[in-house]
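Reproduced below: query-v3.tsv, with TSV, C-alpha atoms.
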chain	number	residue	atom	x	y	z
P	1	MET	CA	189.82	117.29	192.57
P	2	THR	CA	188.93	120.98	192.40
P	3	ARG	CA	190.91	123.61	190.52
P	4	ALA	CA	192.00	125.07	193.88
P	5	ASP	CA	193.30	121.62	194.92
P	6	LEU	CA	195.26	121.36	191.67
P	7	THR	CA	196.74	124.84	192.19
P	8	GLU	CA	197.94	123.84	195.66
P	9	LYS	CA	199.44	120.63	194.27
P	10	LEU	CA	201.30	122.56	191.55
P	11	LEU	CA	202.60	125.09	194.09
P	12	ASP	CA	203.75	122.27	196.38
P	13	ILE	CA	205.68	120.68	193.50
P	14	LYS	CA	207.17	124.07	192.54
P	15	ARG	CA	208.40	124.57	196.12
P	16	GLU	CA	209.66	120.99	196.46
P	17	LYS	CA	211.64	121.19	193.20
P	18	GLY	CA	212.87	124.75	193.82
P	19	TRP	CA	211.61	125.86	190.41
P	20	THR	CA	211.25	129.51	189.45
P	21	TRP	CA	208.24	130.86	187.57
P	22	LYS	CA	210.63	131.66	184.73
P	23	TYR	CA	211.67	127.98	184.52
P	24	ILE	CA	208.07	126.74	184.60
P	25	CYS	CA	207.00	129.21	181.91
P	26	GLU	CA	209.93	128.25	179.67
P	27	GLN	CA	209.03	124.56	179.99
P	28	ILE	CA	205.33	125.09	179.22
P	29	GLY	CA	205.85	127.90	176.68
P	30	GLY	CA	203.51	129.25	174.06
P	31	MET	CA	202.17	132.32	175.85
P	32	SER	CA	203.13	135.26	178.00
P	33	PRO	CA	204.75	134.28	181.30
P	34	ILE	CA	202.00	136.28	183.03
P	35	LEU	CA	199.32	134.12	181.41
P	36	VAL	CA	201.13	130.81	182.04
P	37	THR	CA	201.77	131.75	185.67
P	38	GLY	CA	198.13	132.80	185.98
P	39	ALA	CA	197.08	129.41	184.63
P	40	ILE	CA	199.20	127.59	187.20
P	41	LEU	CA	197.56	129.82	189.84
P	42	GLY	CA	194.11	128.83	188.55
P	43	GLN	CA	193.09	132.05	186.78
P	44	HIS	CA	193.54	130.96	183.15
P	45	LYS	CA	193.42	127.73	181.18
P	46	LEU	CA	196.30	126.20	179.29
P	47	THR	CA	195.82	125.01	175.71
P	48	LYS	CA	195.86	121.25	175.19
P	49	PRO	CA	199.53	121.19	174.08
P	50	GLN	CA	200.49	123.40	177.04
P	51	ALA	CA	198.44	121.25	179.42
P	52	ALA	CA	200.35	118.21	178.11
P	53	ALA	CA	203.66	120.03	178.71
P	54	ALA	CA	202.53	120.98	182.23
P	55	ALA	CA	201.43	117.39	182.89
P	56	LYS	CA	204.85	116.09	181.85
P	57	LEU	CA	206.66	118.74	183.88
P	58	PHE	CA	204.59	118.30	187.05
P	59	GLY	CA	203.83	114.57	186.67
P	60	LEU	CA	200.06	115.13	186.48
P	61	THR	CA	197.37	112.53	185.95
P	62	LYS	CA	195.21	112.62	182.81
P	63	SER	CA	192.36	114.05	184.90
P	64	GLU	CA	194.60	116.84	186.25
P	65	GLN	CA	195.87	117.57	182.73
P	66	THR	CA	192.27	117.90	181.55
P	67	LEU	CA	191.40	120.15	184.50
P	68	ILE	CA	194.20	122.62	183.73
P	69	ASN	CA	192.79	122.86	180.18
P	70	GLU	CA	189.29	123.81	181.43
P	71	VAL	CA	188.08	127.40	181.64
P	72	PRO	CA	188.35	128.41	185.32
P	73	MET	CA	186.14	130.62	187.46
P	74	ARG	CA	188.37	133.68	187.22
P	75	GLY	CA	188.81	136.11	190.09
P	76	ALA	CA	186.99	133.96	192.64
P	77	ALA	CA	190.06	133.50	194.86
P	78	THR	CA	190.70	137.21	195.50
P	79	PRO	CA	188.57	138.93	198.14
P	80	MET	CA	187.30	142.44	197.45
P	81	PRO	CA	188.88	144.67	198.40
P	82	PRO	CA	192.08	142.65	198.09
P	83	THR	CA	194.04	142.11	201.29
P	84	ASP	CA	197.46	141.28	199.82
P	85	PRO	CA	199.45	144.56	199.89
P	86	LEU	CA	200.77	144.32	196.32
P	87	ILE	CA	197.40	143.36	194.83
P	88	TYR	CA	195.74	146.06	196.94
P	89	ARG	CA	198.12	148.69	195.50
P	90	LEU	CA	197.13	147.64	191.97
P	91	TYR	CA	193.47	147.86	193.03
P	92	GLU	CA	194.15	151.29	194.59
P	93	LEU	CA	195.93	152.38	191.40
P	94	VAL	CA	192.75	151.66	189.42
P	95	LEU	CA	190.48	153.24	192.05
P	96	VAL	CA	192.50	156.46	192.10
P	97	ASN	CA	193.49	156.68	188.42
P	98	GLY	CA	190.57	154.79	186.85
P	99	PRO	CA	188.29	157.83	186.43
P	100	ALA	CA	191.06	159.79	184.67
P	101	LEU	CA	191.98	156.81	182.46
P	102	LYS	CA	188.29	156.35	181.61
P	103	VAL	CA	187.71	159.93	180.41
P	104	LEU	CA	191.03	160.04	178.54
P	105	ILE	CA	190.28	156.74	176.76
P	106	GLU	CA	186.76	157.96	175.90
P	107	GLU	CA	188.12	161.27	174.59
P	108	GLU	CA	190.60	159.45	172.35
P	109	PHE	CA	188.48	156.47	171.22
P	110	GLY	CA	184.82	157.21	172.00
P	111	ASP	CA	182.22	155.51	174.18
P	112	GLY	CA	183.45	152.00	174.98
P	113	ILE	CA	185.92	149.91	176.94
P	114	MET	CA	189.37	148.44	176.72
P	115	SER	CA	189.08	144.69	176.36
P	116	ALA	CA	190.61	142.46	179.00
P	117	ILE	CA	189.93	139.49	176.70
P	118	ASP	CA	191.69	140.71	173.52
P	119	PHE	CA	194.56	141.90	175.67
P	120	ASP	CA	198.34	141.78	176.09
P	121	MET	CA	200.32	142.47	179.23
P	122	ASP	CA	203.98	142.41	180.16
P	123	ILE	CA	206.17	143.22	183.12
P	124	THR	CA	209.70	144.56	182.95
P	125	ARG	CA	212.29	145.68	185.46
P	126	LYS	CA	213.77	149.13	184.88
P	127	ALA	CA	217.02	149.99	186.60
P	128	ASP	CA	216.91	153.25	188.54
P	129	PRO	CA	219.55	154.68	190.88
P	130	LYS	CA	216.82	155.49	193.43
P	131	GLY	CA	215.52	151.90	193.34
P	132	ASP	CA	214.50	149.61	190.49
P	133	ARG	CA	211.10	150.25	188.94
P	134	VAL	CA	208.31	147.85	188.00
P	135	GLN	CA	206.91	148.64	184.57
P	136	LEU	CA	203.55	147.14	183.66
P	137	GLY	CA	202.49	147.32	180.03
P	138	MET	CA	198.89	146.68	179.02
P	139	THR	CA	197.25	146.86	175.62
P	140	GLY	CA	193.65	145.96	175.01
P	141	LYS	CA	191.46	146.21	171.95
P	142	PHE	CA	189.00	149.11	172.08
P	143	LEU	CA	185.44	147.81	172.08
P	144	PRO	CA	182.90	150.52	171.26
P	145	PHE	CA	179.60	150.51	173.11
P	146	LYS	CA	176.76	149.39	170.81
P	147	TYR	CA	173.77	151.71	170.82
P	148	TYR	CA	171.11	149.04	170.47
P	149	GLY	CA	168.01	150.07	168.60
P	150	ALA	CA	169.84	152.69	166.52
P	151	THR	CA	168.01	153.33	163.25
P	152	GLY	CA	168.56	155.39	160.13
P	153	ASP	CA	171.48	157.78	160.42
P	154	SER	CA	171.76	157.32	164.19
P	155	LEU	CA	175.17	156.37	165.46
P	156	ALA	CA	175.17	152.58	166.03
P	157	TYR	CA	178.49	152.36	167.90
P	158	GLY	CA	180.28	154.60	170.37
P	159	LEU	CA	183.19	155.36	168.09
P	160	LYS	CA	184.82	158.78	168.40
P	161	GLU	CA	182.80	161.34	166.50
P	162	GLU	CA	184.84	163.81	164.48

Would you mind writing the file's structure down as structure tokens?
Amino acid sequence: MTRADLTEKLLDIKREKGWTWKYICEQIGGMSPILVTGAILGQHKLTKPQAAAAAKLFGLTKSEQTLINEVPMRGAATPMPPTDPLIYRLYELVLVNGPALKVLIEEEFGDGIMSAIDFDMDITRKADPKGDRVQLGMTGKFLPFKYYGATGDSLAYGLKEE
């Protein structure tokens, strides 16, 4: 069985049982609902205890339980540019605002990146009389660029210079 096959099996069970993502995430627990949902969709791995909880919930075989605990090939299922309208709008958001976010982050922190590994994300619904709003929150550790070969008093990392 491939990871894509397992994802389809899990989605079939979800549909058959009428489960919500909220229910599934509560049953598996231990991490952000975004991460648990992403794991069911094949983009993250579950820890061994979470994989055991998922196996019990979905009635998985030992092999399937082991597979959901393996590190997946992330991002492989989404074409570039994305074709799903919602995912495309997130992609567009980064394309349009990415350059401004980049220079503002560099001005504040220095030469580096925001980690998507040491990272937290949440989603909340905000009531608004003109239509409810989707609020995405993202925090990632700043990782300064390493200036390899730096010697003496040369700056070794791209931390903000005062």

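CA of Arg125 (chain P) lies 26.6 Å from CA of Gln50 (chain P).
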
**Message:** If I take CA of Asp120 (chain P) and CA of Gly30 (chain P), how far is one from the other in Å, to one decimal?
**Reply:**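 According to the coordinates, CA of Asp120 (chain P) and CA of Gly30 (chain P) are separated by 13.7 Å.
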
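For the choices P:Glu26, P:Asp128, P:Glu92, P:Glu64, the atom-to-atom distance to Ala52 (chain P) is smallest for P:Glu64 when using all atoms listed in the file.
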
Counting all atoms listed in the file, which residues of region 33-125 of chain P sit at most 10 Å from some atom of region 141-146 of chain P, and what is each one's closest atom pair with its distance in Å to one decimal, listed by chain and rising residue number, as JSON lines?
{"residue": "P:Ile105", "atom": "CA", "partner": "P:Phe142", "partner_atom": "CA", "distance": 9.0}
{"residue": "P:Glu106", "atom": "CA", "partner": "P:Pro144", "partner_atom": "CA", "distance": 9.6}
{"residue": "P:Phe109", "atom": "CA", "partner": "P:Phe142", "partner_atom": "CA", "distance": 7.4}
{"residue": "P:Gly110", "atom": "CA", "partner": "P:Pro144", "partner_atom": "CA", "distance": 7.0}
{"residue": "P:Asp111", "atom": "CA", "partner": "P:Phe145", "partner_atom": "CA", "distance": 5.7}
{"residue": "P:Gly112", "atom": "CA", "partner": "P:Pro144", "partner_atom": "CA", "distance": 4.0}
{"residue": "P:Ile113", "atom": "CA", "partner": "P:Leu143", "partner_atom": "CA", "distance": 5.3}
{"residue": "P:Met114", "atom": "CA", "partner": "P:Phe142", "partner_atom": "CA", "distance": 4.7}
{"residue": "P:Ser115", "atom": "CA", "partner": "P:Lys141", "partner_atom": "CA", "distance": 5.2}
{"residue": "P:Ala116", "atom": "CA", "partner": "P:Lys141", "partner_atom": "CA", "distance": 8.0}
{"residue": "P:Ile117", "atom": "CA", "partner": "P:Lys141", "partner_atom": "CA", "distance": 8.4}
{"residue": "P:Asp118", "atom": "CA", "partner": "P:Lys141", "partner_atom": "CA", "distance": 5.7}
{"residue": "P:Phe119", "atom": "CA", "partner": "P:Lys141", "partner_atom": "CA", "distance": 6.5}
{"residue": "P:Asp120", "atom": "CA", "partner": "P:Lys141", "partner_atom": "CA", "distance": 9.2}

**Asked** Could you name the residues that touch Lys22 (chain P) at 10 Å or less, counting all atoms listed in the file, but leaving out those on the same chain fewer than 4 positions away, as a ChimeraX atom specification?
**Response** /P:26-27,33-34,36-37

**Request:** Write out as a PyMOL selection string which residues come within 12 Å of Thr2 (chain P) when counting all atoms listed in the file, dropping same-chain ones fewer than 5 positions away.
**Result:** chain P and resi 7-9+42+63-64+66-68+70+72-73

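For the atom pair formed by CA of Ala150 (chain P) and CA of Val103 (chain P), the distance is 23.8 Å, given to one decimal.
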
**Near-Leu57 (chain P) list (10 Å; only C-alpha atoms; drop same-chain fewer than 4 positions) as a list in words** = Ile13, Ile24, Gln27, Ile28, Ala51, Ala52 and Ala53 of chain P

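Within the 12 Å cut-off around Tyr91 (chain P), using all atoms listed in the file and omitting residues fewer than 4 positions from it on the same chain, the listed residues are Thr78, Pro79, Met80, Pro81, Pro82, Thr83, Asp84, Pro85, Leu86, Ile87, Leu95, Val96, Asn97 and Gly98 of chain P.
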
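Checking P:Arg15, P:Arg89, P:Arg3, P:His44 one by one against Ser32 (chain P), counting all atoms listed in the file, you find the shortest gap at P:His44.
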
**Item:** Best match for closeness to Leu41 (chain P) among P:Leu155, P:Pro129, P:Asp5, P:Leu90, counting all atoms listed in the file
**Value:** P:Asp5
